[in-house]
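This is structure-v2.cif. It holds mmCIF, C-alpha atoms and all ligand atoms.
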```cif
data_start
loop_
_atom_site.label_atom_id
_atom_site.label_comp_id
_atom_site.auth_asym_id
_atom_site.auth_seq_id
_atom_site.Cartn_x
_atom_site.Cartn_y
_atom_site.Cartn_z
CA MET A 1 -31.69 -67.45 21.16
CA GLN A 2 -33.69 -64.34 20.33
CA SER A 3 -32.12 -62.02 17.79
CA PHE A 4 -34.17 -58.88 18.47
CA ASP A 5 -34.16 -56.43 21.33
CA LEU A 6 -37.63 -54.91 21.20
CA LYS A 7 -37.09 -52.50 24.08
CA ALA A 8 -33.95 -51.05 22.49
CA ARG A 9 -35.69 -50.87 19.10
CA LEU A 10 -38.66 -49.01 20.58
CA ALA A 11 -36.34 -46.64 22.43
CA ASN A 12 -35.19 -45.45 18.99
CA ARG A 13 -38.13 -43.22 18.11
CA SER A 14 -36.60 -41.74 14.96
CA GLU A 15 -38.06 -44.56 12.82
CA PRO A 16 -41.57 -45.98 13.46
CA PHE A 17 -41.78 -49.68 14.29
CA LEU A 18 -44.42 -51.15 11.95
CA PHE A 19 -45.93 -54.58 12.42
CA SER A 20 -48.52 -56.79 10.78
CA TRP A 21 -51.76 -57.83 12.45
CA MET A 22 -53.04 -61.40 12.27
CA THR A 23 -56.61 -62.57 12.58
CA VAL A 24 -56.21 -66.01 10.96
CA PRO A 25 -55.02 -68.87 13.20
CA SER A 26 -52.08 -70.34 11.29
CA PRO A 27 -48.46 -70.93 12.38
CA GLN A 28 -47.49 -71.26 8.70
CA LEU A 29 -48.94 -67.86 7.83
CA ALA A 30 -47.41 -66.36 10.98
CA GLY A 31 -43.97 -67.57 9.87
CA GLN A 32 -44.57 -66.09 6.39
CA LEU A 33 -45.70 -62.72 7.74
CA ALA A 34 -42.69 -62.63 10.05
CA ARG A 35 -40.49 -62.78 6.96
CA LEU A 36 -42.13 -59.80 5.26
CA PRO A 37 -40.45 -56.39 5.50
CA LEU A 38 -42.37 -55.37 8.63
CA GLU A 39 -40.63 -55.57 11.98
CA GLY A 40 -43.03 -57.72 14.01
CA VAL A 41 -46.30 -59.65 13.96
CA CYS A 42 -49.27 -59.09 16.29
CA LEU A 43 -51.84 -61.81 16.98
CA ASP A 44 -55.30 -60.34 17.50
CA MET A 45 -56.75 -62.65 20.15
CA GLN A 46 -59.63 -60.25 20.84
CA HIS A 47 -61.27 -59.86 17.44
CA GLY A 48 -59.33 -62.37 15.34
CA MET A 49 -60.01 -66.13 15.33
CA ILE A 50 -56.89 -66.92 17.35
CA GLY A 51 -57.19 -68.84 20.62
CA PHE A 52 -54.30 -69.69 22.95
CA SER A 53 -53.68 -73.12 21.47
CA ASP A 54 -53.41 -71.45 18.05
CA ALA A 55 -51.26 -68.61 19.41
CA ALA A 56 -48.57 -70.77 21.07
CA PRO A 57 -47.17 -72.26 17.81
CA MET A 58 -47.68 -68.91 16.02
CA ILE A 59 -45.56 -67.11 18.64
CA SER A 60 -42.91 -69.77 18.19
CA ALA A 61 -42.97 -69.42 14.35
CA ILE A 62 -42.64 -65.63 14.56
CA SER A 63 -39.82 -65.76 17.12
CA SER A 64 -37.98 -68.41 15.08
CA ALA A 65 -38.06 -66.04 12.10
CA GLY A 66 -36.21 -63.49 14.25
CA ARG A 67 -39.14 -61.13 14.81
CA PRO A 68 -40.93 -60.10 17.98
CA ALA A 69 -44.32 -61.73 18.51
CA ILE A 70 -46.91 -59.34 19.92
CA ALA A 71 -50.24 -60.48 21.38
CA ARG A 72 -53.34 -58.32 21.64
CA ILE A 73 -55.14 -60.41 24.21
CA LEU A 74 -58.85 -61.02 24.70
CA TRP A 75 -59.38 -58.87 27.79
CA ASN A 76 -57.64 -57.36 30.81
CA GLU A 77 -57.33 -60.62 32.72
CA PRO A 78 -54.14 -61.59 34.61
CA GLY A 79 -54.22 -65.21 33.41
CA LEU A 80 -54.42 -64.17 29.76
CA ILE A 81 -51.48 -61.77 30.13
CA GLY A 82 -49.22 -64.34 31.82
CA GLN A 83 -50.15 -67.03 29.29
CA VAL A 84 -48.90 -65.19 26.19
CA LEU A 85 -45.75 -63.94 27.93
CA ASP A 86 -45.01 -67.48 29.15
CA ALA A 87 -45.45 -68.64 25.54
CA GLY A 88 -42.68 -66.23 24.49
CA ALA A 89 -44.54 -63.13 23.29
CA ALA A 90 -42.25 -60.10 23.33
CA ALA A 91 -45.12 -57.68 23.87
CA VAL A 92 -48.64 -57.78 25.14
CA ILE A 93 -51.35 -55.26 24.22
CA VAL A 94 -54.21 -55.20 26.72
CA PRO A 95 -57.60 -53.92 25.49
CA MET A 96 -59.98 -51.53 27.24
CA VAL A 97 -57.78 -50.30 30.09
CA ASN A 98 -60.04 -47.60 31.50
CA SER A 99 -58.53 -46.46 34.80
CA LYS A 100 -55.33 -46.22 36.80
CA ALA A 101 -56.41 -49.24 38.87
CA GLN A 102 -56.94 -51.30 35.71
CA ALA A 103 -53.50 -50.24 34.42
CA GLU A 104 -51.96 -51.26 37.76
CA ALA A 105 -53.63 -54.66 37.38
CA VAL A 106 -52.00 -55.02 33.95
CA VAL A 107 -48.54 -54.37 35.41
CA MET A 108 -49.24 -56.68 38.35
CA ALA A 109 -49.91 -59.54 35.89
CA ALA A 110 -47.17 -58.73 33.39
CA LYS A 111 -44.10 -57.81 35.45
CA TYR A 112 -42.21 -59.73 38.12
CA PRO A 113 -41.45 -58.08 41.48
CA PRO A 114 -40.51 -55.42 42.33
CA LEU A 115 -42.71 -53.88 39.59
CA GLY A 116 -45.55 -56.39 39.74
CA GLY A 117 -46.57 -59.88 40.77
CA ARG A 118 -46.37 -62.00 37.59
CA SER A 119 -46.71 -65.69 38.32
CA TRP A 120 -43.69 -67.87 37.58
CA GLY A 121 -43.51 -70.56 34.89
CA GLY A 122 -42.44 -69.21 31.46
CA TYR A 123 -40.82 -72.45 30.29
CA THR A 124 -41.34 -71.69 26.59
CA ALA A 125 -40.21 -68.09 27.08
CA PHE A 126 -36.89 -69.27 28.62
CA GLN A 127 -36.21 -71.25 25.43
CA THR A 128 -37.37 -68.44 23.14
CA TYR A 129 -34.94 -66.00 24.72
CA GLY A 130 -32.18 -68.56 25.28
CA LEU A 131 -32.04 -67.70 28.98
CA SER A 132 -31.74 -69.82 32.08
CA PRO A 133 -34.71 -69.47 34.45
CA ALA A 134 -32.56 -67.37 36.79
CA ASP A 135 -31.51 -65.05 33.96
CA TYR A 136 -35.07 -64.86 32.59
CA LEU A 137 -36.24 -63.67 36.01
CA GLN A 138 -33.68 -60.85 35.86
CA GLU A 139 -34.39 -59.92 32.22
CA ALA A 140 -38.13 -60.47 31.78
CA ASN A 141 -39.32 -57.07 33.00
CA THR A 142 -37.10 -55.47 30.37
CA ILE A 143 -37.55 -57.84 27.44
CA THR A 144 -41.35 -58.02 27.62
CA GLN A 145 -43.12 -54.81 26.61
CA VAL A 146 -46.55 -54.04 28.05
CA PHE A 147 -49.10 -51.76 26.40
CA ALA A 148 -52.40 -50.54 27.84
CA MET A 149 -55.03 -49.75 25.21
CA ILE A 150 -56.71 -46.36 25.28
CA GLU A 151 -59.97 -46.70 23.41
CA THR A 152 -62.83 -45.35 25.51
CA GLN A 153 -63.96 -41.99 26.89
CA ALA A 154 -63.13 -43.21 30.42
CA ALA A 155 -59.59 -44.15 29.36
CA LEU A 156 -59.11 -40.78 27.69
CA ASP A 157 -60.36 -38.96 30.80
CA ALA A 158 -57.83 -40.91 32.91
CA VAL A 159 -55.00 -41.08 30.39
CA GLU A 160 -52.53 -38.95 32.38
CA GLU A 161 -53.07 -41.16 35.47
CA ILE A 162 -52.87 -44.36 33.42
CA ALA A 163 -49.61 -43.20 31.80
CA SER A 164 -48.07 -42.55 35.21
CA VAL A 165 -48.32 -46.21 36.29
CA ALA A 166 -44.79 -47.57 36.85
CA GLY A 167 -44.05 -50.67 34.81
CA LEU A 168 -46.11 -49.83 31.74
CA ASP A 169 -43.97 -49.58 28.61
CA GLY A 170 -46.48 -47.84 26.38
CA LEU A 171 -50.02 -46.85 25.52
CA PHE A 172 -51.75 -48.22 22.43
CA VAL A 173 -54.70 -46.39 20.93
CA GLY A 174 -57.58 -48.37 19.44
CA PRO A 175 -58.84 -45.64 17.11
CA SER A 176 -61.90 -47.58 15.95
CA ASP A 177 -63.36 -48.05 19.43
CA LEU A 178 -62.16 -44.59 20.45
CA SER A 179 -63.87 -42.90 17.51
CA ILE A 180 -67.07 -44.87 18.11
CA ALA A 181 -67.03 -43.76 21.76
CA LEU A 182 -66.21 -40.11 21.03
CA SER A 183 -68.91 -39.86 18.35
CA ARG A 184 -71.43 -41.61 20.65
CA GLY A 185 -71.82 -44.38 18.14
CA ALA A 186 -72.21 -42.17 15.08
CA GLY A 187 -69.28 -43.68 13.22
CA ILE A 188 -65.81 -45.17 12.94
CA ASP A 189 -63.24 -42.67 11.76
CA LYS A 190 -59.57 -43.17 12.55
CA THR A 191 -58.65 -39.68 11.36
CA ALA A 192 -61.71 -37.63 12.41
CA LYS A 193 -60.90 -34.35 14.13
CA HIS A 194 -62.16 -35.65 17.48
CA THR A 195 -60.10 -38.84 17.15
CA LEU A 196 -56.89 -36.97 16.31
CA GLU A 197 -57.47 -34.43 19.11
CA ALA A 198 -57.85 -37.29 21.59
CA MET A 199 -54.76 -38.99 20.19
CA LYS A 200 -52.74 -35.80 20.69
CA ARG A 201 -53.64 -35.96 24.37
CA VAL A 202 -52.59 -39.62 24.54
CA ALA A 203 -49.29 -38.85 22.78
CA ALA A 204 -48.60 -36.00 25.23
CA ALA A 205 -49.19 -38.36 28.17
CA THR A 206 -46.70 -40.86 26.73
CA ARG A 207 -44.08 -38.17 26.15
CA LYS A 208 -44.40 -36.91 29.71
CA ASN A 209 -43.82 -40.42 31.12
CA ASN A 210 -41.26 -41.60 28.55
CA LEU A 211 -43.63 -44.29 27.27
CA VAL A 212 -43.93 -45.63 23.74
CA ALA A 213 -46.91 -44.21 21.80
CA GLY A 214 -48.63 -46.96 19.83
CA ALA A 215 -51.75 -47.23 17.72
CA PHE A 216 -53.59 -49.47 15.33
CA ALA A 217 -53.25 -47.60 12.02
CA GLY A 218 -53.94 -50.03 9.17
CA SER A 219 -53.13 -48.06 6.03
CA ALA A 220 -50.15 -46.05 4.82
CA ASP A 221 -51.98 -42.71 5.04
CA VAL A 222 -53.10 -43.32 8.61
CA ILE A 223 -49.60 -44.47 9.60
CA LYS A 224 -48.15 -41.23 8.24
CA THR A 225 -50.77 -39.12 10.04
CA TYR A 226 -50.12 -40.84 13.37
CA ALA A 227 -46.31 -40.83 12.89
CA ALA A 228 -46.45 -37.04 12.47
CA MET A 229 -48.15 -36.89 15.90
CA GLY A 230 -45.35 -38.89 17.56
CA TYR A 231 -46.71 -42.43 17.32
CA THR A 232 -43.90 -44.93 16.78
CA PHE A 233 -45.39 -48.42 17.37
CA MET A 234 -48.05 -49.07 14.75
CA ALA A 235 -49.96 -51.95 13.24
CA GLY A 236 -49.84 -51.46 9.51
CA ALA A 237 -51.10 -54.53 7.68
CA VAL A 238 -53.98 -56.89 8.52
CA ASP A 239 -53.52 -60.41 7.12
CA VAL A 240 -56.88 -60.65 5.33
CA GLU A 241 -56.55 -57.10 3.98
CA LEU A 242 -53.10 -57.93 2.56
CA LEU A 243 -54.68 -60.86 0.68
CA GLN A 244 -57.52 -58.67 -0.56
CA ALA A 245 -55.14 -55.93 -1.71
CA GLY A 246 -52.97 -58.50 -3.51
CA ALA A 247 -55.98 -59.97 -5.32
CA GLU A 248 -57.31 -56.54 -6.27
CA THR A 249 -53.91 -55.42 -7.60
CA LEU A 250 -53.70 -58.57 -9.72
CA MET A 251 -57.21 -58.21 -11.15
CA LYS A 252 -56.67 -54.55 -11.86
CA ALA A 253 -53.40 -55.25 -13.68
CA VAL A 254 -54.91 -58.08 -15.74
CA LYS A 255 -58.50 -56.96 -16.30
CA GLY A 256 -58.45 -53.28 -15.38
CA VAL A 257 -61.14 -53.78 -12.69
C1 LIG B 301 -59.53 -50.40 17.83
O1 LIG B 301 -59.23 -49.64 16.90
O2 LIG B 301 -60.51 -50.24 18.57
C2 LIG B 301 -58.69 -51.56 18.09
O3 LIG B 301 -58.91 -52.24 19.06
C3 LIG B 301 -57.63 -51.92 17.11
O4 LIG B 301 -58.07 -52.97 16.34
MG MG B 302 -60.66 -51.86 20.07
#
```
Would you give me this structure, written as structure tokens?
Ligand code: 3PY
Ligand code: MG
Amino acid sequence: MQSFDLKARLANRSEPFLFSWMTVPSPQLAGQLARLPLEGVCLDMQHGMIGFSDAAPMISAISSAGRPAIARILWNEPGLIGQVLDAGAAAVIVPMVNSKAQAEAVVMAAKYPPLGGRSWGGYTAFQTYGLSPADYLQEANTITQVFAMIETQAALDAVEEIASVAGLDGLFVGPSDLSIALSRGAGIDKTAKHTLEAMKRVAAATRKNNLVAGAFAGSADVIKTYAAMGYTFMAGAVDVELLQAGAETLMKAVKGV
């Protein structure tokens, strides 16, 4: 039986919800990260090395540790959305959602009627949430959180329309892709003026529609900057970067380098 209520937690916007970000396919590491003092674990199935057969036991390890498993899937494809939700993911983050129609397609795949048209068969999800199939059908639209990524010029241009799509739970900014797009390929800068201006617009669209404002942040400084703009659902620690930081801290303490 699941011990978290992600929707209720995200409704409390006084305290940001910070989660780690995994690129390495390992259920053991997923279980370890789920026990760190962050509130959830996201599997990056777009740019990490994690395929669905890796993700299924990772989602189970994270859920068993009492944390919500979040999946950033490979692309905006209905089959990929249903697959991770059926495996028990508590939230799905869908990359490159560039129009209202694309956001409607996300909801169609992720939510059961009357909001959408998700296909039935979440056998592992029933177990994860400790619900009978009949109860899962009633609860699923609430317990699974769906985020559309805003990370292109087209998405930014349409962000107010995207945010108005019924059934979306939040928007999630990909500041790397967004800053590349806004600078026409000149650079990646998660806190450049143009990036932050765009993110203010995204945050305003979430506020207007009572959606959760999410973003990939990465470091403490970036988290604080985004939190001050109203972002409350943020990725704060990438698995391989945590290892690197740990090794660097050790070497600095021992050898001063
Ligand atoms: C981006 O910043 O573009 C992302 O997709 C987050 O990793
Ligand atoms: Mg991206």
Throw together the list of residues within 12 Å of ligand MG 302 (chain B), counting only C-alpha atoms and all ligand atoms, and drop it here as a PyMOL selection string. chain A and resi 44-48+72-75+93-97+148-152+172-181+188+190+215-217
Restricting the output to C-alpha atoms, write the selected residues as a compact mmCIF listing (two decimals), in the coordinates of the input.
```
# COMPACT_ATOMS: atom_id res chain seq x y z
CA ASP A 44 -55.30 -60.34 17.50
CA MET A 45 -56.75 -62.65 20.15
CA GLN A 46 -59.63 -60.25 20.84
CA HIS A 47 -61.27 -59.86 17.44
CA GLY A 48 -59.33 -62.37 15.34
CA ARG A 72 -53.34 -58.32 21.64
CA ILE A 73 -55.14 -60.41 24.21
CA LEU A 74 -58.85 -61.02 24.70
CA TRP A 75 -59.38 -58.87 27.79
CA ILE A 93 -51.35 -55.26 24.22
CA VAL A 94 -54.21 -55.20 26.72
CA PRO A 95 -57.60 -53.92 25.49
CA MET A 96 -59.98 -51.53 27.24
CA VAL A 97 -57.78 -50.30 30.09
CA ALA A 148 -52.40 -50.54 27.84
CA MET A 149 -55.03 -49.75 25.21
CA ILE A 150 -56.71 -46.36 25.28
CA GLU A 151 -59.97 -46.70 23.41
CA THR A 152 -62.83 -45.35 25.51
CA PHE A 172 -51.75 -48.22 22.43
CA VAL A 173 -54.70 -46.39 20.93
CA GLY A 174 -57.58 -48.37 19.44
CA PRO A 175 -58.84 -45.64 17.11
CA SER A 176 -61.90 -47.58 15.95
CA ASP A 177 -63.36 -48.05 19.43
CA LEU A 178 -62.16 -44.59 20.45
CA SER A 179 -63.87 -42.90 17.51
CA ILE A 180 -67.07 -44.87 18.11
CA ALA A 181 -67.03 -43.76 21.76
CA ILE A 188 -65.81 -45.17 12.94
CA LYS A 190 -59.57 -43.17 12.55
CA ALA A 215 -51.75 -47.23 17.72
CA PHE A 216 -53.59 -49.47 15.33
CA ALA A 217 -53.25 -47.60 12.02
```
Excluding same-chain residues fewer than 3 positions from Ala89 (chain A), what lies within 8 Å of it counting only C-alpha atoms, as number ranges by chain? A: 59, 68-71, 84-86, 92, 125, 144
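When only C-alpha atoms and all ligand atoms are used to measure the gap to ligand LIG 301 (chain B), the shortest distance among A:Met22, A:Ala205, A:Ala55, A:Ala11 belongs to A:Met22.
Taking all atoms listed in the file into account, Thr128 (chain A) lies nearest to A:Gly66 out of the set A:Gly214, A:Gly66, A:Gly79, A:Gly167.
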Determine the axis-aligned bounding box of all atoms of ligand LIG 301 (chain B) present in the file, pad each side by 3 Å, and express its centre and edge lengths in Å to one decimal place as AutoDock Vina command-line options.
```
--center_x -59.1 --center_y -51.3 --center_z 17.7 --size_x 8.9 --size_y 9.3 --size_z 8.7
```
Counting all atoms listed in the file, the residue of A:Ala186, A:Leu168, A:Ala140, A:Met251 that sits nearest Asn210 (chain A):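 Checking each candidate against Asn210 (chain A), we get A:Leu168 as the closest.
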For CA of Leu211 (chain A) and CA of Ala105 (chain A), the interatomic separation in Å (one decimal): 17.6 Å
Interatomic distance, CA of Val159 (chain A) to CA of Asn76 (chain A) (Å, one decimal):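 Between CA of Val159 (chain A) and CA of Asn76 (chain A) the gap works out to 16.5 Å.
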One-decimal distance in Å that lies between CA of Thr232 (chain A) and CA of Leu156 (chain A):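 So the answer is 19.2 Å.
Shortest separation to ligand LIG 301 (chain B) among A:Ala158, A:Leu43, A:Leu38, A:Ala227 occurs at residue A:Leu43, atoms counted being only C-alpha atoms and all ligand atoms.
Considering the residues A:Trp21, A:Thr191, A:Ser3, A:Ser64 and counting only C-alpha atoms, Val238 (chain A) has its shortest atom-to-atom contact with A:Trp21.
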Return the single residue from A:Ile143, A:Arg67, A:Val202, A:Thr23 that is closest to ligand LIG 301 (chain B), with distances computed using all atoms listed in the file.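 Once distances to ligand LIG 301 (chain B) are computed over all atoms listed in the file, the minimum belongs to A:Thr23.
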Polymer residues at most 9 Å from Ala110 (chain A), only C-alpha atoms, same-chain spacing of 3 or more positions, as a PyMOL selection string: chain A and resi 78+81-82+85+92+105-107+116-119+141+144-146+167
I need the residues from that last selection saved to file as an mmCIF file, in the coordinates of the input (with C-alpha atoms), if you can.
```cif
data_model
loop_
_atom_site.group_PDB
_atom_site.id
_atom_site.type_symbol
_atom_site.label_atom_id
_atom_site.label_comp_id
_atom_site.auth_asym_id
_atom_site.auth_seq_id
_atom_site.Cartn_x
_atom_site.Cartn_y
_atom_site.Cartn_z
ATOM 1 C CA PRO A 78 -54.140 -61.590 34.610
ATOM 2 C CA ILE A 81 -51.480 -61.770 30.130
ATOM 3 C CA GLY A 82 -49.220 -64.340 31.820
ATOM 4 C CA LEU A 85 -45.750 -63.940 27.930
ATOM 5 C CA VAL A 92 -48.640 -57.780 25.140
ATOM 6 C CA ALA A 105 -53.630 -54.660 37.380
ATOM 7 C CA VAL A 106 -52.000 -55.020 33.950
ATOM 8 C CA VAL A 107 -48.540 -54.370 35.410
ATOM 9 C CA GLY A 116 -45.550 -56.390 39.740
ATOM 10 C CA GLY A 117 -46.570 -59.880 40.770
ATOM 11 C CA ARG A 118 -46.370 -62.000 37.590
ATOM 12 C CA SER A 119 -46.710 -65.690 38.320
ATOM 13 C CA ASN A 141 -39.320 -57.070 33.000
ATOM 14 C CA THR A 144 -41.350 -58.020 27.620
ATOM 15 C CA GLN A 145 -43.120 -54.810 26.610
ATOM 16 C CA VAL A 146 -46.550 -54.040 28.050
ATOM 17 C CA GLY A 167 -44.050 -50.670 34.810
#
```
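The residue set within 10 Å of Leu36 (chain A), counting only C-alpha atoms and dropping same-chain residues fewer than 4 places from it, reads Phe19, Ser20, Gly31, Gln32, Gly40 and Val41 of chain A.
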Enumerate, as a PyMOL selection string, the protein, DNA and RNA residues whose atoms approach (-44.7, -46.9, 18.9) to within 10 Å, taking into account only C-alpha atoms and the coordinate frame of the file. chain A and resi 9-13+15-18+147+170-172+211-216+226-227+230-235
